[in-house]
Amino acid sequence: MKLKVHMKTATLALATTALAVLASPVLAEIKIGSTLAQTGPASFLGDPEAKTLRMLVDDLNANGGINGEQIKLIMYDDGADPNKARTFATRMVEDDEVVAVIAGSTTGATMAMIPVFEDAGVPFISLAGAAVIIDPVKKWVFKTPHTDTMACGKIYADMNKRGISKVGIISSSGGFGKSMRAQCMGLADASGIEIVADEVYGPKDADMTPQLTKIGNTAGIQAVIDTGFGQSAAIVARNFSQLQIDVPLYESHGVASKSFIDLAGDAANGVRLPASALLVAEILADDDPQKSVVVSYRDAYEAATGEPVSTFGGHAADAFNMMVAAIERAGPTDSAAIRDEIEKTTGFIGTGGEVNMGPNDHLGLDLSAFRMLEIKDGTWSIFE
Amino acid sequence: MNSISTKYATLIAMVAVIVIAPMFFPSSFYYRIGALIFINGLAVMGLVVLIGYAGQVSLGHAGFVGIGAYAAALGPIYLGLPPVLGIVLGALISGSLAWLIGRPILRLRGHYLAVATLGVGILIYMVLNNEAQLTGGPDGMPVQAIGLKEFLKSIGYSVKGSVMWYWLAAIVLLVGAVIGLNLHDSPTGRALRSLHDSEIAARTVGIDVARYKLRAFVISAVYASVAGSQLALMNKFISPDVASFLHSVELVTMTVLGGASVIFGALVGATILTALPQVLTMFEDFEHVLLGLIMMLVMIFMRAGLVPSLIKLIRRLTK
């Protein structure tokens, strides 16, 4: 009899323990979904973004998660194909039942996914560039990267300060270059800038001398803007210096990486560009509010991956940190409450700048998010 | 006799798969995968006619998918067409374009034909990418809904978009299969299969080789175009990636994997390359390696493609 009771108690205790062990991870899991271009033509965006998210989730979980609950990151690779991105978006909503999403390395993938999250009511922070994502404002959609409109605005603001008004644009016919050219053209009048020359080159062209010669010979030209990025921008900078065009050259925020300086060599000196604080972490002033944020992200990322930091991973870090802050305030289960809290994000200092969102602004960055840089002696210097 | 039973066997198998599969769907996400399989399957059926029947290779078929997609996207905006008629518009444009360019390039053979179709596909992709004021450029553009969902709701039948598209795409796929199967045993189909085996022999018995090749090319372009239109209307968003070279290769891979010579192979090939990547996501970093390995093994051990090889195996075992 006594033995029987003991057996019962023991079984009960065992069952309870087993139940607790089994149940706890299931109850305390916050599912965040993500689909990024980890492979394919846009993997230079998706790869650092994915690595950043994995790193931050591991860190957070090791430190107890959000209010003691672990985060489960559900990650897919859409290879920048909008159709695949949309399929994964459906999967995250219908099958994985995620509470919120950080995804979309490219504008195309993001635009394809938006209807899915809008229909399902799942907050979605995009990591893609174009302004159409948040303009007009969509209820469930946010984004962290700067827009090309802001890059043009920053360049024009710098020109206004220096009394430059007659400008030539040379643009790449790739997606990024074309979009930025359109934004710069649209913004010119309002900024008191006159576009006196407008030339285009193919993103794979090996020589831009003809276009630059034409721009250089335009009467009264005071500066040139190039909207390319990667290799083509470096060629523009080289041709520009070979032709000894005697006005400043402004490049887009797309060239803000060490490889541009390596490719352009001496020709890079004197080139001006808007860039996020992350790239110039070491030369920021110590009292700069972003300094500690960008330095700690850079160090963590480089330690975790052994690769140099890029702004793209920074956008993912900002999105994740904003999301975590919103979940902390809203609780882990209610997507609508999380959306409301993301929209209320103010005074958030991220790698991209200070974020102040609102019902009419789902980006929350202003021109101060960009630093105007000049390349001097083969390295960045702040040019305010 | 045998061919008639093949035809009905294929159709019965397809209907069975289409009707039975949803009973195992745990969520509406699976309906989307199903719809994607049927849409890809339709484009692949066109390639079965071209590659399997006529023995001609096209590496630019995603271009026609792109034309269909953008016709469904742009027709309503610029011509005031209802989106459904965009499908017809796309089919007309794709068919005419295939007819125009097919005349000169189908005189080419083997590698030269492949390269010429490759060029056509890339040109279409470039136009879609560069005419940004029309197509929205690389970032893509939104597409109007066909309004069927709203209509169904108004008569008191609320249905999810992915579920609706599953059945719509299934019906279109079956229509495509009926046409493709009928074609197989028609005079055109026999002419195509004979020129597949030997163009010289076909010519000797009086078959106008160039004309029949052209016919197969136009038919396959229309299949691809209808598939593209459906994709655009289902996603309500389209970008030039749909017309990319990689997508062309994907379609040819589906055709060959399933078995280029049989219509049912189109459904099998499309299923594998559409659904398998979703299954393989659980292997994360090894996803692409596994996909490649599976494809290699199929091609090494089942050279005729999955369906013909399996049929052969079953026949041998039952003998």
# chains A, B, ... in the order shown; residues from 1 in each chain; ligands from 1
$ closest_atom_pairs --of "chain B" --to "chain A" --cutoff "8 Å" --atoms "only C-alpha atoms" --output "CSV"
residue,atom,partner,partner_atom,distance
B:Ser27,CA,A:Asp95,CA,6.1
B:Ser28,CA,A:Glu94,CA,6.4
B:Phe29,CA,A:Arg91,CA,5.4
B:Arg32,CA,A:Thr87,CA,7.3
B:Ile33,CA,A:Thr87,CA,7.5
B:Asn130,CA,A:Ser173,CA,7.6
B:Gly137,CA,A:Gly175,CA,7.0
B:Pro138,CA,A:Gly175,CA,5.6
B:Asp139,CA,A:Gly108,CA,4.4
B:Gly140,CA,A:Gly108,CA,5.9
B:Asn235,CA,A:Ala112,CA,7.3
B:Lys236,CA,A:Ala112,CA,7.9
B:Phe237,CA,A:Ala112,CA,5.7
B:Ile238,CA,A:Ala112,CA,7.4
B:Ser239,CA,A:Gly108,CA,6.6
B:Asp241,CA,A:Asp81,CA,6.5
B:Val242,CA,A:Asn83,CA,7.9
B:Thr281,CA,A:Tyr76,CA,6.9
B:Glu284,CA,A:Tyr76,CA,7.9
$ residues_around --residues "range 214-221 of chain B" --least-positions-apart "2" --cutoff "7 Å" --atoms "only C-alpha atoms" --output "JSON, numbers by chain"
{"B": [46, 47, 49, 50, 54, 61, 64, 94, 95, 98, 99, 102, 103, 106, 210, 211, 212, 223, 224, 225]}
$ closest_residue --among "B:Gly180, B:Gly161, B:Gly66, B:Gly52" --to "His247 in chain B" --atoms "only C-alpha atoms"
B:Gly66
$ residues_around --residues "Gly119 in chain B" --least-positions-apart "6" --cutoff "10 Å" --atoms "only C-alpha atoms" --output "number ranges by chain"
B: 59-60, 63, 113, 125, 245
$ write_last_selection --atoms "C-alpha atoms" --output "short mmCIF file (atom, residue, chain, number, x, y, z; two decimals), in the first residue's frame"
data_model
loop_
_atom_site.label_atom_id
_atom_site.label_comp_id
_atom_site.auth_asym_id
_atom_site.auth_seq_id
_atom_site.Cartn_x
_atom_site.Cartn_y
_atom_site.Cartn_z
CA LEU B 59 16.29 28.95 -73.62
CA GLY B 60 14.20 32.09 -73.77
CA GLY B 63 10.49 35.99 -72.08
CA LEU B 113 18.73 27.64 -82.09
CA TYR B 125 13.96 40.89 -70.15
CA PHE B 245 17.32 33.86 -68.09
#
$ residues_around --residues "range 47-52 of chain A" --least-positions-apart "6" --cutoff "9 Å" --atoms "only C-alpha atoms" --output "PyMOL selection string"
chain A and resi 34-39+75+105+127+301+304-305+309-317
$ select_by_dssp --residues "range 76-258 of chain B" --states "strand (DSSP E or B)" --output "VMD selection string"
chain B and resid 141 to 142 237 to 238
$ closest_residue --among "B:Gly265, B:Ala35, B:Gly80, B:Leu310" --to "Ala177 in chain B" --atoms "only C-alpha atoms"
B:Gly265
$ residues_around --residues "Trp167 in chain B" --least-positions-apart "2" --cutoff "12 Å" --atoms "only C-alpha atoms" --output "number ranges by chain"
B: 15, 18-19, 21-22, 31-32, 34-39, 159-165, 169-174, 234
$ residues_around --residues "range 233-247 of chain A" --least-positions-apart "5" --cutoff "8 Å" --atoms "only C-alpha atoms" --output "list of chain:residue names"
A:Ala206, A:Asp207, A:Met208, A:Thr209, A:Leu212, A:Thr213, A:Gly216, A:Ile221, A:Gln222, A:Ala223, A:Val224, A:Asp226, A:Thr227, A:Gly228, A:Val255, A:Phe260, A:Ile261, A:Leu263, A:Ala264, A:Gly265, A:Ala267, A:Ala268, A:Val271
$ select_by_dssp --residues "range 68-201 of chain A" --states "alpha helix (DSSP H)" --output "PDB file with N, CA and C atoms, in the first residue's frame"
ATOM      1  N   PRO A  82      11.067  38.043 -56.448  1.00  0.00           N
ATOM      2  CA  PRO A  82       9.833  38.509 -55.800  1.00  0.00           C
ATOM      3  C   PRO A  82       8.787  37.404 -55.661  1.00  0.00           C
ATOM      4  N   ASN A  83       8.727  36.526 -56.652  1.00  0.00           N
ATOM      5  CA  ASN A  83       7.736  35.460 -56.597  1.00  0.00           C
ATOM      6  C   ASN A  83       8.029  34.497 -55.450  1.00  0.00           C
ATOM      7  N   LYS A  84       9.321  34.141 -55.276  1.00  0.00           N
ATOM      8  CA  LYS A  84       9.697  33.271 -54.156  1.00  0.00           C
ATOM      9  C   LYS A  84       9.463  33.982 -52.830  1.00  0.00           C
ATOM     10  N   ALA A  85       9.815  35.279 -52.798  1.00  0.00           N
ATOM     11  CA  ALA A  85       9.637  36.046 -51.561  1.00  0.00           C
ATOM     12  C   ALA A  85       8.176  35.997 -51.152  1.00  0.00           C
ATOM     13  N   ARG A  86       7.292  36.135 -52.139  1.00  0.00           N
ATOM     14  CA  ARG A  86       5.872  36.128 -51.830  1.00  0.00           C
ATOM     15  C   ARG A  86       5.427  34.763 -51.302  1.00  0.00           C
ATOM     16  N   THR A  87       5.960  33.701 -51.894  1.00  0.00           N
ATOM     17  CA  THR A  87       5.620  32.368 -51.411  1.00  0.00           C
ATOM     18  C   THR A  87       6.061  32.197 -49.962  1.00  0.00           C
ATOM     19  N   PHE A  88       7.284  32.631 -49.660  1.00  0.00           N
ATOM     20  CA  PHE A  88       7.769  32.507 -48.276  1.00  0.00           C
ATOM     21  C   PHE A  88       6.956  33.398 -47.333  1.00  0.00           C
ATOM     22  N   ALA A  89       6.541  34.565 -47.827  1.00  0.00           N
ATOM     23  CA  ALA A  89       5.718  35.446 -47.000  1.00  0.00           C
ATOM     24  C   ALA A  89       4.423  34.734 -46.632  1.00  0.00           C
ATOM     25  N   THR A  90       3.804  34.072 -47.628  1.00  0.00           N
ATOM     26  CA  THR A  90       2.578  33.324 -47.364  1.00  0.00           C
ATOM     27  C   THR A  90       2.851  32.211 -46.352  1.00  0.00           C
ATOM     28  N   THR A 107      13.787  45.965 -53.253  1.00  0.00           N
ATOM     29  CA  THR A 107      12.494  46.636 -53.342  1.00  0.00           C
ATOM     30  C   THR A 107      11.468  45.730 -54.010  1.00  0.00           C
ATOM     31  N   GLY A 108      11.881  45.012 -55.075  1.00  0.00           N
ATOM     32  CA  GLY A 108      10.960  44.125 -55.774  1.00  0.00           C
ATOM     33  C   GLY A 108      10.374  43.077 -54.834  1.00  0.00           C
ATOM     34  N   ALA A 109      11.237  42.403 -54.079  1.00  0.00           N
ATOM     35  CA  ALA A 109      10.775  41.376 -53.147  1.00  0.00           C
ATOM     36  C   ALA A 109       9.851  41.995 -52.103  1.00  0.00           C
ATOM     37  N   THR A 110      10.218  43.155 -51.604  1.00  0.00           N
ATOM     38  CA  THR A 110       9.394  43.817 -50.593  1.00  0.00           C
ATOM     39  C   THR A 110       8.004  44.140 -51.129  1.00  0.00           C
ATOM     40  N   MET A 111       7.964  44.733 -52.335  1.00  0.00           N
ATOM     41  CA  MET A 111       6.675  45.133 -52.898  1.00  0.00           C
ATOM     42  C   MET A 111       5.785  43.905 -53.143  1.00  0.00           C
ATOM     43  N   ALA A 112       6.417  42.782 -53.509  1.00  0.00           N
ATOM     44  CA  ALA A 112       5.631  41.572 -53.750  1.00  0.00           C
ATOM     45  C   ALA A 112       5.043  41.026 -52.457  1.00  0.00           C
ATOM     46  N   MET A 113       5.725  41.257 -51.324  1.00  0.00           N
ATOM     47  CA  MET A 113       5.269  40.686 -50.055  1.00  0.00           C
ATOM     48  C   MET A 113       4.241  41.553 -49.336  1.00  0.00           C
ATOM     49  N   ILE A 114       4.258  42.859 -49.629  1.00  0.00           N
ATOM     50  CA  ILE A 114       3.427  43.791 -48.860  1.00  0.00           C
ATOM     51  C   ILE A 114       1.957  43.363 -48.788  1.00  0.00           C
ATOM     52  N   PRO A 115       1.315  42.973 -49.931  1.00  0.00           N
ATOM     53  CA  PRO A 115      -0.105  42.602 -49.826  1.00  0.00           C
ATOM     54  C   PRO A 115      -0.361  41.450 -48.856  1.00  0.00           C
ATOM     55  N   VAL A 116       0.585  40.512 -48.767  1.00  0.00           N
ATOM     56  CA  VAL A 116       0.400  39.369 -47.866  1.00  0.00           C
ATOM     57  C   VAL A 116       0.317  39.842 -46.416  1.00  0.00           C
ATOM     58  N   PHE A 117       1.264  40.700 -46.014  1.00  0.00           N
ATOM     59  CA  PHE A 117       1.290  41.133 -44.614  1.00  0.00           C
ATOM     60  C   PHE A 117       0.177  42.130 -44.316  1.00  0.00           C
ATOM     61  N   GLU A 118      -0.179  42.945 -45.311  1.00  0.00           N
ATOM     62  CA  GLU A 118      -1.287  43.883 -45.115  1.00  0.00           C
ATOM     63  C   GLU A 118      -2.594  43.110 -44.898  1.00  0.00           C
ATOM     64  N   ASP A 119      -2.806  42.067 -45.693  1.00  0.00           N
ATOM     65  CA  ASP A 119      -4.025  41.266 -45.563  1.00  0.00           C
ATOM     66  C   ASP A 119      -4.071  40.545 -44.222  1.00  0.00           C
ATOM     67  N   ALA A 120      -2.895  39.999 -43.826  1.00  0.00           N
ATOM     68  CA  ALA A 120      -2.877  39.159 -42.633  1.00  0.00           C
ATOM     69  C   ALA A 120      -2.752  39.981 -41.351  1.00  0.00           C
ATOM     70  N   ASP A 148      16.856  56.830 -51.474  1.00  0.00           N
ATOM     71  CA  ASP A 148      17.728  57.601 -52.371  1.00  0.00           C
ATOM     72  C   ASP A 148      17.311  59.071 -52.432  1.00  0.00           C
ATOM     73  N   THR A 149      16.030  59.351 -52.130  1.00  0.00           N
ATOM     74  CA  THR A 149      15.596  60.752 -52.049  1.00  0.00           C
ATOM     75  C   THR A 149      16.423  61.480 -50.987  1.00  0.00           C
ATOM     76  N   MET A 150      16.646  60.801 -49.866  1.00  0.00           N
ATOM     77  CA  MET A 150      17.420  61.429 -48.796  1.00  0.00           C
ATOM     78  C   MET A 150      18.861  61.663 -49.224  1.00  0.00           C
ATOM     79  N   ALA A 151      19.410  60.710 -50.004  1.00  0.00           N
ATOM     80  CA  ALA A 151      20.792  60.884 -50.458  1.00  0.00           C
ATOM     81  C   ALA A 151      20.892  62.122 -51.335  1.00  0.00           C
ATOM     82  N   CYS A 152      19.945  62.295 -52.262  1.00  0.00           N
ATOM     83  CA  CYS A 152      19.940  63.485 -53.113  1.00  0.00           C
ATOM     84  C   CYS A 152      19.765  64.729 -52.259  1.00  0.00           C
ATOM     85  N   GLY A 153      18.838  64.657 -51.299  1.00  0.00           N
ATOM     86  CA  GLY A 153      18.594  65.805 -50.437  1.00  0.00           C
ATOM     87  C   GLY A 153      19.858  66.219 -49.708  1.00  0.00           C
ATOM     88  N   LYS A 154      20.596  65.221 -49.219  1.00  0.00           N
ATOM     89  CA  LYS A 154      21.821  65.513 -48.481  1.00  0.00           C
ATOM     90  C   LYS A 154      22.871  66.151 -49.403  1.00  0.00           C
ATOM     91  N   ILE A 155      22.985  65.604 -50.616  1.00  0.00           N
ATOM     92  CA  ILE A 155      23.947  66.163 -51.571  1.00  0.00           C
ATOM     93  C   ILE A 155      23.560  67.608 -51.914  1.00  0.00           C
ATOM     94  N   TYR A 156      22.281  67.828 -52.181  1.00  0.00           N
ATOM     95  CA  TYR A 156      21.835  69.177 -52.531  1.00  0.00           C
ATOM     96  C   TYR A 156      22.042  70.154 -51.381  1.00  0.00           C
ATOM     97  N   ALA A 157      21.788  69.705 -50.157  1.00  0.00           N
ATOM     98  CA  ALA A 157      21.984  70.565 -49.000  1.00  0.00           C
ATOM     99  C   ALA A 157      23.442  70.995 -48.924  1.00  0.00           C
ATOM    100  N   ASP A 158      24.345  70.054 -49.185  1.00  0.00           N
ATOM    101  CA  ASP A 158      25.773  70.366 -49.161  1.00  0.00           C
ATOM    102  C   ASP A 158      26.119  71.360 -50.268  1.00  0.00           C
ATOM    103  N   MET A 159      25.507  71.168 -51.452  1.00  0.00           N
ATOM    104  CA  MET A 159      25.765  72.066 -52.570  1.00  0.00           C
ATOM    105  C   MET A 159      25.274  73.472 -52.255  1.00  0.00           C
ATOM    106  N   ASN A 160      24.070  73.545 -51.675  1.00  0.00           N
ATOM    107  CA  ASN A 160      23.530  74.862 -51.319  1.00  0.00           C
ATOM    108  C   ASN A 160      24.493  75.604 -50.398  1.00  0.00           C
ATOM    109  N   LYS A 161      25.051  74.848 -49.435  1.00  0.00           N
ATOM    110  CA  LYS A 161      25.955  75.442 -48.455  1.00  0.00           C
ATOM    111  C   LYS A 161      27.192  76.012 -49.144  1.00  0.00           C
ATOM    112  N   GLY A 175      19.001  49.473 -61.872  1.00  0.00           N
ATOM    113  CA  GLY A 175      17.854  49.843 -61.051  1.00  0.00           C
ATOM    114  C   GLY A 175      18.163  50.926 -60.041  1.00  0.00           C
ATOM    115  N   PHE A 176      19.253  50.739 -59.309  1.00  0.00           N
ATOM    116  CA  PHE A 176      19.618  51.691 -58.268  1.00  0.00           C
ATOM    117  C   PHE A 176      19.900  53.067 -58.868  1.00  0.00           C
ATOM    118  N   GLY A 177      20.731  53.085 -59.918  1.00  0.00           N
ATOM    119  CA  GLY A 177      21.136  54.351 -60.533  1.00  0.00           C
ATOM    120  C   GLY A 177      19.955  55.090 -61.131  1.00  0.00           C
ATOM    121  N   LYS A 178      19.069  54.322 -61.752  1.00  0.00           N
ATOM    122  CA  LYS A 178      17.935  54.947 -62.420  1.00  0.00           C
ATOM    123  C   LYS A 178      16.980  55.553 -61.406  1.00  0.00           C
ATOM    124  N   SER A 179      16.753  54.809 -60.336  1.00  0.00           N
ATOM    125  CA  SER A 179      15.854  55.303 -59.303  1.00  0.00           C
ATOM    126  C   SER A 179      16.417  56.583 -58.673  1.00  0.00           C
ATOM    127  N   MET A 180      17.732  56.563 -58.385  1.00  0.00           N
ATOM    128  CA  MET A 180      18.312  57.741 -57.738  1.00  0.00           C
ATOM    129  C   MET A 180      18.316  58.933 -58.681  1.00  0.00           C
ATOM    130  N   ARG A 181      18.567  58.679 -59.972  1.00  0.00           N
ATOM    131  CA  ARG A 181      18.533  59.776 -60.941  1.00  0.00           C
ATOM    132  C   ARG A 181      17.153  60.433 -60.925  1.00  0.00           C
ATOM    133  N   ALA A 182      16.101  59.602 -60.949  1.00  0.00           N
ATOM    134  CA  ALA A 182      14.737  60.140 -60.954  1.00  0.00           C
ATOM    135  C   ALA A 182      14.494  60.981 -59.705  1.00  0.00           C
ATOM    136  N   GLN A 183      14.971  60.493 -58.539  1.00  0.00           N
ATOM    137  CA  GLN A 183      14.768  61.249 -57.305  1.00  0.00           C
ATOM    138  C   GLN A 183      15.519  62.573 -57.343  1.00  0.00           C
ATOM    139  N   CYS A 184      16.765  62.542 -57.857  1.00  0.00           N
ATOM    140  CA  CYS A 184      17.576  63.760 -57.901  1.00  0.00           C
ATOM    141  C   CYS A 184      16.955  64.782 -58.855  1.00  0.00           C
ATOM    142  N   MET A 185      16.429  64.301 -60.007  1.00  0.00           N
ATOM    143  CA  MET A 185      15.784  65.210 -60.943  1.00  0.00           C
ATOM    144  C   MET A 185      14.566  65.849 -60.291  1.00  0.00           C
ATOM    145  N   GLY A 186      13.776  65.021 -59.601  1.00  0.00           N
ATOM    146  CA  GLY A 186      12.539  65.505 -58.997  1.00  0.00           C
ATOM    147  C   GLY A 186      12.779  66.513 -57.895  1.00  0.00           C
ATOM    148  N   LEU A 187      13.884  66.335 -57.189  1.00  0.00           N
ATOM    149  CA  LEU A 187      14.155  67.176 -56.021  1.00  0.00           C
ATOM    150  C   LEU A 187      14.870  68.477 -56.394  1.00  0.00           C
ATOM    151  N   ALA A 188      15.392  68.546 -57.641  1.00  0.00           N
ATOM    152  CA  ALA A 188      16.296  69.635 -58.011  1.00  0.00           C
ATOM    153  C   ALA A 188      15.653  71.011 -57.856  1.00  0.00           C
TER     154      ALA A 188
END
$ atom_distance --atom1 "CA of Gly121 in chain B" --atom2 "CA of Leu267 in chain B"
23.2 Å
$ atom_distance --atom1 "CA of Asn63 in chain A" --atom2 "CA of Lys291 in chain A"
23.4 Å
$ residues_around --residues "Gly259 in chain B" --least-positions-apart "3" --cutoff "8 Å" --atoms "only C-alpha atoms" --output "NGL selection string"
:B and (255-256 or 262 or 265-266 or 269 or 304-308)
